[in-house]
>>> print(open('run13.csv').read())   # CSV, C-alpha atoms and all ligand atoms
chain,number,residue,atom,x,y,z
A,1,MET,CA,120.5,65.6,143.5
A,2,THR,CA,123.4,66.1,141.2
A,3,GLN,CA,124.9,63.5,138.9
A,4,ALA,CA,128.2,65.5,138.7
A,5,ASN,CA,130.2,62.6,140.1
A,6,PRO,CA,128.1,59.6,139.2
A,7,ILE,CA,128.8,56.1,140.6
A,8,LEU,CA,127.1,54.7,137.4
A,9,ALA,CA,127.3,56.3,134.0
A,10,ALA,CA,125.9,54.5,130.9
A,11,LYS,CA,126.4,56.3,127.7
A,12,ASN,CA,124.6,55.7,124.4
A,13,ILE,CA,123.9,52.0,125.2
A,14,GLN,CA,122.8,50.1,122.1
A,15,LYS,CA,121.5,46.6,122.0
A,16,ALA,CA,119.9,44.6,119.2
A,17,PHE,CA,118.6,41.0,119.1
A,18,GLY,CA,118.9,40.1,115.4
A,19,ASP,CA,117.0,42.8,113.5
A,20,ASN,CA,115.3,44.0,116.6
A,21,GLN,CA,117.0,47.2,117.8
A,22,VAL,CA,115.9,47.1,121.4
A,23,LEU,CA,118.1,49.9,122.9
A,24,LYS,CA,118.7,52.8,120.5
A,25,GLY,CA,121.3,54.6,122.5
A,26,VAL,CA,120.2,54.9,126.2
A,27,SER,CA,122.2,57.1,128.6
A,28,LEU,CA,121.8,57.3,132.3
A,29,ALA,CA,124.0,58.7,135.1
A,30,VAL,CA,123.2,57.9,138.7
A,31,ALA,CA,124.7,59.6,141.7
A,32,ARG,CA,125.8,57.7,144.8
A,33,GLY,CA,122.8,57.2,147.0
A,34,GLU,CA,120.4,58.1,144.3
A,35,VAL,CA,117.2,56.0,143.5
A,36,VAL,CA,116.1,56.0,139.9
A,37,SER,CA,113.0,54.2,138.8
A,38,LEU,CA,112.4,53.2,135.2
A,39,ILE,CA,108.9,52.9,133.9
A,40,GLY,CA,107.4,52.2,130.5
A,41,ALA,CA,105.3,49.8,128.5
A,42,SER,CA,106.1,46.1,128.2
A,43,GLY,CA,108.7,45.6,125.5
A,44,SER,CA,110.2,49.1,125.7
A,45,GLY,CA,113.6,47.7,126.7
A,46,LYS,CA,113.7,48.3,130.5
A,47,SER,CA,114.9,44.8,131.4
A,48,THR,CA,117.4,44.7,128.6
A,49,PHE,CA,118.8,48.0,129.8
A,50,LEU,CA,119.1,46.8,133.4
A,51,ARG,CA,120.8,43.6,132.1
A,52,CYS,CA,123.3,45.7,130.1
A,53,LEU,CA,124.2,47.5,133.4
A,54,ASN,CA,125.7,44.3,134.9
A,55,LEU,CA,126.6,42.8,131.5
A,56,LEU,CA,124.1,40.0,131.5
A,57,GLU,CA,123.7,41.4,128.0
A,58,THR,CA,126.6,42.8,126.1
A,59,PRO,CA,125.8,46.1,124.3
A,60,GLN,CA,126.9,46.5,120.7
A,61,ALA,CA,127.8,50.1,121.3
A,62,GLY,CA,128.2,52.6,124.1
A,63,GLU,CA,130.1,53.0,127.3
A,64,LEU,CA,129.6,51.9,130.9
A,65,ALA,CA,131.3,53.2,134.0
A,66,ILE,CA,130.4,51.8,137.4
A,67,GLY,CA,132.7,52.6,140.3
A,68,ARG,CA,136.1,51.3,139.3
A,69,HIS,CA,134.8,49.4,136.3
A,70,HIS,CA,134.9,50.8,132.8
A,71,PHE,CA,133.8,49.2,129.6
A,72,GLU,CA,133.5,50.4,126.0
A,73,PHE,CA,131.4,48.4,123.5
A,74,GLY,CA,131.8,48.3,119.8
A,75,LYS,CA,133.2,46.3,116.9
A,76,ASP,CA,136.8,47.1,117.8
A,77,GLN,CA,136.4,46.5,121.5
A,78,ARG,CA,137.3,43.4,123.4
A,79,VAL,CA,134.3,41.5,124.9
A,80,PRO,CA,134.8,41.6,128.7
A,81,GLY,CA,136.1,38.3,130.0
A,82,LYS,CA,134.7,36.1,132.7
A,83,ALA,CA,136.9,37.5,135.4
A,84,GLN,CA,136.0,41.0,134.6
A,85,LEU,CA,132.4,40.2,134.6
A,86,ALA,CA,132.7,38.5,138.0
A,87,LEU,CA,134.3,41.6,139.4
A,88,LEU,CA,131.6,43.8,138.0
A,89,ARG,CA,128.9,41.6,139.4
A,90,ARG,CA,130.3,41.7,142.9
A,91,ASP,CA,129.6,45.5,142.8
A,92,VAL,CA,126.3,45.5,141.0
A,93,GLY,CA,123.6,43.4,142.7
A,94,MET,CA,120.5,42.4,140.8
A,95,VAL,CA,117.1,41.1,141.9
A,96,PHE,CA,114.7,39.7,139.4
A,97,GLN,CA,111.0,39.1,139.1
A,98,HIS,CA,111.5,35.4,139.8
A,99,PHE,CA,113.7,34.7,142.8
A,100,ASN,CA,115.9,31.9,141.6
A,101,LEU,CA,116.8,30.6,145.0
A,102,PHE,CA,118.5,27.2,145.3
A,103,PRO,CA,115.6,24.9,146.4
A,104,HIS,CA,117.8,22.4,148.2
A,105,ARG,CA,119.7,24.9,150.4
A,106,SER,CA,118.5,26.6,153.5
A,107,VAL,CA,117.6,30.3,153.4
A,108,LEU,CA,120.8,31.1,155.2
A,109,ASP,CA,122.9,29.1,152.8
A,110,ASN,CA,121.3,30.8,149.8
A,111,VAL,CA,122.2,34.2,151.3
A,112,ILE,CA,125.8,33.4,152.0
A,113,GLU,CA,126.6,31.5,148.8
A,114,GLY,CA,128.1,34.5,147.1
A,115,PRO,CA,130.4,35.7,149.8
A,116,VAL,CA,131.6,32.1,150.5
A,117,GLN,CA,132.0,31.1,146.8
A,118,VAL,CA,133.1,34.3,145.2
A,119,LYS,CA,134.8,36.2,148.0
A,120,ASN,CA,136.1,33.3,149.9
A,121,MET,CA,134.7,34.6,153.1
A,122,ALA,CA,135.0,32.3,156.1
A,123,LYS,CA,131.8,30.3,156.7
A,124,ALA,CA,131.4,31.7,160.3
A,125,GLU,CA,131.8,35.3,159.2
A,126,ALA,CA,129.4,34.7,156.2
A,127,LYS,CA,126.8,33.2,158.5
A,128,GLU,CA,127.0,36.2,160.8
A,129,LEU,CA,126.6,38.5,157.8
A,130,GLY,CA,123.8,36.4,156.5
A,131,ARG,CA,121.9,36.4,159.8
A,132,ASP,CA,122.2,40.2,159.9
A,133,LEU,CA,120.9,40.6,156.4
A,134,LEU,CA,118.0,38.2,157.1
A,135,ALA,CA,117.1,40.3,160.1
A,136,LYS,CA,117.3,43.4,158.0
A,137,VAL,CA,114.7,42.0,155.6
A,138,GLY,CA,112.5,40.8,158.5
A,139,LEU,CA,113.3,37.1,158.1
A,140,ALA,CA,115.6,36.4,161.1
A,141,ASP,CA,113.5,33.4,162.1
A,142,LYS,CA,113.7,31.8,158.6
A,143,ALA,CA,117.5,31.2,158.4
A,144,ASP,CA,117.1,27.4,158.6
A,145,SER,CA,114.0,27.1,156.5
A,146,PHE,CA,114.0,25.9,152.9
A,147,PRO,CA,112.7,28.2,150.2
A,148,SER,CA,109.7,25.9,149.4
A,149,ARG,CA,108.3,26.8,152.9
A,150,LEU,CA,108.3,30.5,152.2
A,151,SER,CA,105.7,32.8,150.6
A,152,GLY,CA,106.6,34.6,147.4
A,153,GLY,CA,107.2,37.8,149.4
A,154,GLN,CA,109.5,36.0,151.8
A,155,LYS,CA,111.4,34.4,148.9
A,156,GLN,CA,111.8,37.8,147.3
A,157,ARG,CA,113.2,39.2,150.5
A,158,VAL,CA,115.7,36.3,150.7
A,159,ALA,CA,116.7,37.2,147.1
A,160,ILE,CA,117.3,40.8,148.2
A,161,ALA,CA,119.4,39.7,151.2
A,162,ARG,CA,121.4,37.4,148.9
A,163,ALA,CA,122.2,40.3,146.6
A,164,LEU,CA,123.1,42.5,149.5
A,165,ALA,CA,125.5,39.9,150.9
A,166,MET,CA,128.0,40.9,148.2
A,167,LYS,CA,127.9,44.4,149.6
A,168,PRO,CA,127.2,45.9,146.2
A,169,ASP,CA,127.7,49.6,145.3
A,170,VAL,CA,124.6,49.6,143.2
A,171,MET,CA,121.4,47.4,143.3
A,172,LEU,CA,119.2,46.7,140.2
A,173,PHE,CA,115.7,45.6,140.8
A,174,ASP,CA,113.7,44.3,137.8
A,175,GLU,CA,110.0,44.2,138.6
A,176,VAL,CA,110.6,42.5,141.9
A,177,THR,CA,106.9,42.6,142.9
A,178,SER,CA,105.3,41.8,139.6
A,179,ALA,CA,105.1,38.0,140.3
A,180,LEU,CA,103.7,38.4,143.8
A,181,ASP,CA,100.2,38.2,145.1
A,182,PRO,CA,98.9,41.7,145.8
A,183,GLU,CA,98.9,41.2,149.6
A,184,LEU,CA,102.7,40.4,149.5
A,185,VAL,CA,103.8,43.4,147.5
A,186,SER,CA,104.0,45.8,150.4
A,187,GLU,CA,106.4,43.7,152.5
A,188,VAL,CA,108.9,43.7,149.6
A,189,LEU,CA,108.5,47.4,148.8
A,190,ALA,CA,109.1,48.1,152.5
A,191,VAL,CA,112.5,46.5,152.3
A,192,VAL,CA,113.3,48.5,149.1
A,193,ARG,CA,112.2,51.7,150.8
A,194,ASN,CA,114.4,50.9,153.8
A,195,LEU,CA,117.4,50.4,151.6
A,196,ALA,CA,116.7,53.7,149.9
A,197,SER,CA,116.6,55.5,153.3
A,198,GLU,CA,120.0,53.9,154.1
A,199,GLY,CA,121.5,55.5,151.0
A,200,MET,CA,121.8,52.4,148.8
A,201,THR,CA,122.2,53.4,145.1
A,202,MET,CA,119.4,51.7,143.2
A,203,ILE,CA,117.8,51.5,139.8
A,204,LEU,CA,114.3,50.0,139.9
A,205,VAL,CA,112.2,48.8,137.0
A,206,THR,CA,108.7,48.9,138.5
A,207,HIS,CA,105.0,49.2,137.7
A,208,GLU,CA,104.3,50.5,141.2
A,209,MET,CA,103.7,54.1,140.1
A,210,ALA,CA,102.9,55.5,143.6
A,211,PHE,CA,105.9,53.7,145.1
A,212,ALA,CA,108.2,55.0,142.3
A,213,ALA,CA,107.0,58.6,142.8
A,214,ASP,CA,107.5,58.3,146.5
A,215,VAL,CA,110.8,56.4,146.9
A,216,SER,CA,112.7,57.7,143.8
A,217,ASN,CA,114.8,60.8,143.3
A,218,ARG,CA,114.3,60.5,139.6
A,219,VAL,CA,112.0,58.6,137.3
A,220,GLY,CA,112.9,57.7,133.7
A,221,PHE,CA,110.3,56.7,131.1
A,222,MET,CA,111.5,54.3,128.5
A,223,SER,CA,109.7,54.0,125.2
A,224,GLU,CA,110.7,52.0,122.1
A,225,GLY,CA,114.3,51.7,123.2
A,226,VAL,CA,115.0,55.3,124.2
A,227,MET,CA,114.8,57.2,127.5
A,228,ALA,CA,111.9,59.3,126.3
A,229,GLU,CA,111.6,61.4,129.5
A,230,ILE,CA,113.6,61.6,132.7
A,231,GLY,CA,113.4,64.0,135.6
A,232,ALA,CA,112.4,64.5,139.2
A,233,ALA,CA,110.0,61.7,140.3
A,234,ALA,CA,107.1,64.1,141.1
A,235,ASP,CA,107.5,65.9,137.7
A,236,VAL,CA,107.6,62.8,135.5
A,237,ILE,CA,104.7,61.0,137.2
A,238,ARG,CA,102.5,64.0,138.0
A,239,LYS,CA,103.4,66.5,135.2
A,240,PRO,CA,104.4,64.2,132.3
A,241,GLN,CA,105.4,66.1,129.1
A,242,ASN,CA,106.0,63.4,126.5
A,243,PRO,CA,102.7,62.4,124.8
A,244,ARG,CA,103.6,58.7,125.0
A,245,LEU,CA,104.2,59.1,128.8
A,246,VAL,CA,100.9,60.8,129.2
A,247,ALA,CA,99.2,58.0,127.3
A,248,PHE,CA,101.1,55.3,129.3
A,249,LEU,CA,100.1,56.9,132.7
A,250,ASN,CA,96.5,57.3,131.6
A,251,ARG,CA,96.4,53.6,130.6
A,252,PHE,CA,98.0,52.7,133.9
A,253,HIS,CA,95.5,54.7,135.9
A,254,GLN,CA,92.6,53.2,134.0
A,255,GLN,CA,93.8,49.7,134.6
A,256,ALA,CA,94.6,50.4,138.3
A,257,GLY,CA,91.3,52.2,138.8
A,258,THR,CA,93.2,55.2,140.3
A,259,ALA,CA,92.8,58.8,139.4
A,260,PRO,CA,95.7,60.5,137.7
A,261,ALA,CA,97.5,62.4,140.4
B,1,LIG,P1,110.7,45.4,129.0
B,1,LIG,O1,111.5,44.9,130.2
B,1,LIG,O2,110.5,46.9,128.9
B,1,LIG,O3,109.3,44.7,129.0
B,1,LIG,P2,112.6,43.9,127.4
B,1,LIG,O4,113.9,44.6,127.6
B,1,LIG,O5,112.3,42.7,128.2
B,1,LIG,O6,111.4,45.0,127.7
B,1,LIG,O7,112.3,43.5,125.9
B,1,LIG,C1,112.5,44.5,124.9
B,1,LIG,C2,112.5,43.7,123.6
B,1,LIG,O8,113.7,42.9,123.5
B,1,LIG,C3,111.3,42.8,123.3
B,1,LIG,O9,110.9,42.9,122.0
B,1,LIG,C4,111.9,41.5,123.6
B,1,LIG,O10,111.2,40.5,122.9
B,1,LIG,C5,113.3,41.6,123.1
B,1,LIG,N1,114.3,40.7,123.8
B,1,LIG,C6,114.6,40.8,125.1
B,1,LIG,N2,115.5,39.9,125.4
B,1,LIG,C7,115.7,39.2,124.3
B,1,LIG,C8,116.6,38.0,124.0
B,1,LIG,N3,117.4,37.5,124.9
B,1,LIG,N4,116.5,37.6,122.7
B,1,LIG,C9,115.7,38.1,121.8
B,1,LIG,N5,114.9,39.2,122.0
B,1,LIG,C10,114.9,39.7,123.3
B,2,MG,MG,111.0,43.6,131.8
>>> encode(input="run13.csv", output="structure tokens")
Amino acid sequence: MTQANPILAAKNIQKAFGDNQVLKGVSLAVARGEVVSLIGASGSGKSTFLRCLNLLETPQAGELAIGRHHFEFGKDQRVPGKAQLALLRRDVGMVFQHFNLFPHRSVLDNVIEGPVQVKNMAKAEAKELGRDLLAKVGLADKADSFPSRLSGGQKQRVAIARALAMKPDVMLFDEVTSALDPELVSEVLAVVRNLASEGMTMILVTHEMAFAADVSNRVGFMSEGVMAEIGAAADVIRKPQNPRLVAFLNRFHQQAGTAPA
């Protein structure tokens, strides 16, 4: 897949928290319909990078182009305003490790909140969209349930449906299966896999190595705030070059009790 005409291009993104330079100039271009997984040790900056892509964090330097949105960061640049951020976040959906559903609203109301509040979609139309999306994530029968009645895997699928309700151009997934009991992981991965097959552009931070190898076009390895290696999924995971990636994958396979592929 070529990134000649990327839907998302992040260039030289830098982010520090105090003295802690977390992102030391990270670049990534993603083609429409491409799936890129980001792997790397805890603390390497994966979440911070994803959060910079929808400006939950404002980088101190670099450039970001996503669809019709374009931002430059730096001392002389204006910080994006609320309205600009809201427009960006319509087009860039994000799903987190913890689902953040509204506990006192039904599943369907959680899903349609964005289109109704942000896009002023008519309630009836939003409900139809919401029911379609719940069917898509295998939860057609849960529309009127409350989040507390759902399993973690079901809640995470609601969170995915809620992000999809904005009809984003790009979806960001930050370790969406890490908080789940092992037996619930596969139902969420199945939804992500289905989105990939439908051509959704996605960036996934994940520790599910086999899934990343299988579902992604490319895999990037982040280490100490840089994109230390990036390439075709099979190459990065099965023929790692960077010594830190080799060590990371070995540690991973030891912990998981799996043989290096
Ligand atoms: P990863 O997702 O790869 O585990 P993170 O991006 O969450 O890594 O964190 C990278 C580093 O940035 C860590 O040292 C973390 O403590 C720091 N960090 C992340 N968010 C903040 C924040 N809001 N304030 C201060 N430090 C942060
Ligand atoms: Mg993280």
>>> residues_around(input="run13.csv", residues="Leu184 (chain A)", least_positions_apart="6", cutoff="9 Å", atoms="only C-alpha atoms", output="list of chain:residue names")
A:Ser151, A:Gly152, A:Gly153, A:Gln154, A:Thr177
>>> residues_near_ligand(input="run13.csv", ligand="ligand LIG 1 (chain B)", cutoff="7 Å", atoms="all atoms listed in the file", output="list in words")
Phe17, Val22, Gly40, Ala41, Ser42, Gly43, Ser44, Gly45, Lys46, Ser47, Thr48 and Phe49 of chain A
>>> residues_around(input="run13.csv", residues="Asn242 (chain A)", least_positions_apart="5", cutoff="12 Å", atoms="all atoms listed in the file", output="list in words")
Gly40, Gly220, Phe221, Met222, Ser223, Met227, Ala228, Glu229, Ile230, Gly231, Asp235, Val236, Ile237, Ala247, Phe248 and Leu249 of chain A
>>> closest_residue(input="run13.csv", among="A:Lys24, A:Arg157, A:Lys127, A:Arg149", to="Pro115 (chain A)", atoms="all atoms listed in the file")
A:Lys127
>>> residues_around(input="run13.csv", residues="region 73-87 of chain A", least_positions_apart="4", cutoff="8 Å", atoms="all atoms listed in the file", output="PyMOL selection string")
chain A and resi 54-55+58-63+91
>>> residues_around(input="run13.csv", residues="Leu134 (chain A)", least_positions_apart="6", cutoff="10 Å", atoms="all atoms listed in the file", output="ChimeraX atom specification")
/A:107-108,111,128,140-143,157-158,160-162,165
>>> residues_near_point(input="run13.csv", point="(105.1, 38.4, 135.8)", cutoff="8 Å", atoms="only C-alpha atoms", output="PyMOL selection string")
chain A and resi 97+178-179
>>> atom_distance(input="run13.csv", atom1="CA of Arg90 (chain A)", atom2="CA of Asp144 (chain A)")
25.0 Å
>>> residues_around(input="run13.csv", residues="Ala31 (chain A)", least_positions_apart="3", cutoff="7 Å", atoms="only C-alpha atoms", output="PDB file with C-alpha atoms, in the frame of the given file")
ATOM      1  CA  THR A   2     123.400  66.100 141.200  1.00  0.00           C
ATOM      2  CA  GLN A   3     124.900  63.500 138.900  1.00  0.00           C
ATOM      3  CA  ASN A   5     130.200  62.600 140.100  1.00  0.00           C
ATOM      4  CA  PRO A   6     128.100  59.600 139.200  1.00  0.00           C
ATOM      5  CA  ILE A   7     128.800  56.100 140.600  1.00  0.00           C
ATOM      6  CA  LEU A   8     127.100  54.700 137.400  1.00  0.00           C
ATOM      7  CA  GLU A  34     120.400  58.100 144.300  1.00  0.00           C
TER       8      GLU A  34
END
>>> closest_residue(input="run13.csv", among="A:His104, A:Arg244, A:His207, A:Lys123", to="ligand MG 2 (chain B)", atoms="only C-alpha atoms and all ligand atoms")
A:His207
>>> atom_distance(input="run13.csv", atom1="CA of Ala234 (chain A)", atom2="CA of Glu187 (chain A)")
23.4 Å
>>> atom_distance(input="run13.csv", atom1="CA of Ile203 (chain A)", atom2="CA of Val191 (chain A)")
14.5 Å
>>> build_atoms(input="run13.csv", residues="region 48-63 of chain A", atoms="N, CA, C and O atoms", output="PDB file, keeping the file's coordinate frame")
ATOM      1  N   THR A  48     116.155  44.844 129.352  1.00  0.00           N
ATOM      2  CA  THR A  48     117.400  44.700 128.600  1.00  0.00           C
ATOM      3  C   THR A  48     118.388  45.797 129.025  1.00  0.00           C
ATOM      4  O   THR A  48     119.589  45.514 129.163  1.00  0.00           O
ATOM      5  N   PHE A  49     117.906  46.997 129.296  1.00  0.00           N
ATOM      6  CA  PHE A  49     118.800  48.000 129.800  1.00  0.00           C
ATOM      7  C   PHE A  49     119.425  47.670 131.114  1.00  0.00           C
ATOM      8  O   PHE A  49     120.642  47.751 131.298  1.00  0.00           O
ATOM      9  N   LEU A  50     118.601  47.217 132.055  1.00  0.00           N
ATOM     10  CA  LEU A  50     119.100  46.800 133.400  1.00  0.00           C
ATOM     11  C   LEU A  50     120.177  45.704 133.189  1.00  0.00           C
ATOM     12  O   LEU A  50     121.235  45.707 133.828  1.00  0.00           O
ATOM     13  N   ARG A  51     119.859  44.725 132.318  1.00  0.00           N
ATOM     14  CA  ARG A  51     120.800  43.600 132.100  1.00  0.00           C
ATOM     15  C   ARG A  51     122.076  44.044 131.470  1.00  0.00           C
ATOM     16  O   ARG A  51     123.128  43.433 131.702  1.00  0.00           O
ATOM     17  N   CYS A  52     122.022  45.118 130.700  1.00  0.00           N
ATOM     18  CA  CYS A  52     123.300  45.700 130.100  1.00  0.00           C
ATOM     19  C   CYS A  52     124.124  46.308 131.241  1.00  0.00           C
ATOM     20  O   CYS A  52     125.348  46.382 131.106  1.00  0.00           O
ATOM     21  N   LEU A  53     123.483  46.757 132.321  1.00  0.00           N
ATOM     22  CA  LEU A  53     124.200  47.500 133.400  1.00  0.00           C
ATOM     23  C   LEU A  53     125.108  46.496 134.179  1.00  0.00           C
ATOM     24  O   LEU A  53     126.081  46.933 134.796  1.00  0.00           O
ATOM     25  N   ASN A  54     124.744  45.219 134.239  1.00  0.00           N
ATOM     26  CA  ASN A  54     125.700  44.300 134.900  1.00  0.00           C
ATOM     27  C   ASN A  54     126.206  43.263 133.859  1.00  0.00           C
ATOM     28  O   ASN A  54     126.739  42.230 134.230  1.00  0.00           O
ATOM     29  N   LEU A  55     126.012  43.606 132.597  1.00  0.00           N
ATOM     30  CA  LEU A  55     126.600  42.800 131.500  1.00  0.00           C
ATOM     31  C   LEU A  55     126.049  41.404 131.403  1.00  0.00           C
ATOM     32  O   LEU A  55     126.748  40.515 130.940  1.00  0.00           O
ATOM     33  N   LEU A  56     124.803  41.197 131.868  1.00  0.00           N
ATOM     34  CA  LEU A  56     124.100  40.000 131.500  1.00  0.00           C
ATOM     35  C   LEU A  56     123.832  39.978 130.017  1.00  0.00           C
ATOM     36  O   LEU A  56     123.699  38.934 129.395  1.00  0.00           O
ATOM     37  N   GLU A  57     123.706  41.174 129.459  1.00  0.00           N
ATOM     38  CA  GLU A  57     123.700  41.400 128.000  1.00  0.00           C
ATOM     39  C   GLU A  57     124.880  42.262 127.667  1.00  0.00           C
ATOM     40  O   GLU A  57     125.179  43.192 128.409  1.00  0.00           O
ATOM     41  N   THR A  58     125.541  41.964 126.565  1.00  0.00           N
ATOM     42  CA  THR A  58     126.600  42.800 126.100  1.00  0.00           C
ATOM     43  C   THR A  58     126.129  43.794 125.068  1.00  0.00           C
ATOM     44  O   THR A  58     125.665  43.357 124.011  1.00  0.00           O
ATOM     45  N   PRO A  59     126.200  45.082 125.348  1.00  0.00           N
ATOM     46  CA  PRO A  59     125.800  46.100 124.300  1.00  0.00           C
ATOM     47  C   PRO A  59     126.633  46.001 123.097  1.00  0.00           C
ATOM     48  O   PRO A  59     127.787  45.580 123.161  1.00  0.00           O
ATOM     49  N   GLN A  60     126.068  46.423 121.969  1.00  0.00           N
ATOM     50  CA  GLN A  60     126.900  46.500 120.700  1.00  0.00           C
ATOM     51  C   GLN A  60     127.593  47.806 120.597  1.00  0.00           C
ATOM     52  O   GLN A  60     128.542  47.918 119.832  1.00  0.00           O
ATOM     53  N   ALA A  61     127.109  48.808 121.324  1.00  0.00           N
ATOM     54  CA  ALA A  61     127.800  50.100 121.300  1.00  0.00           C
ATOM     55  C   ALA A  61     127.501  50.818 122.588  1.00  0.00           C
ATOM     56  O   ALA A  61     126.531  50.504 123.280  1.00  0.00           O
ATOM     57  N   GLY A  62     128.379  51.768 122.910  1.00  0.00           N
ATOM     58  CA  GLY A  62     128.200  52.600 124.100  1.00  0.00           C
ATOM     59  C   GLY A  62     129.297  52.379 125.099  1.00  0.00           C
ATOM     60  O   GLY A  62     130.315  51.723 124.803  1.00  0.00           O
ATOM     61  N   GLU A  63     129.091  52.936 126.263  1.00  0.00           N
ATOM     62  CA  GLU A  63     130.100  53.000 127.300  1.00  0.00           C
ATOM     63  C   GLU A  63     129.437  52.783 128.642  1.00  0.00           C
ATOM     64  O   GLU A  63     128.315  53.254 128.833  1.00  0.00           O
TER      65      GLU A  63
END
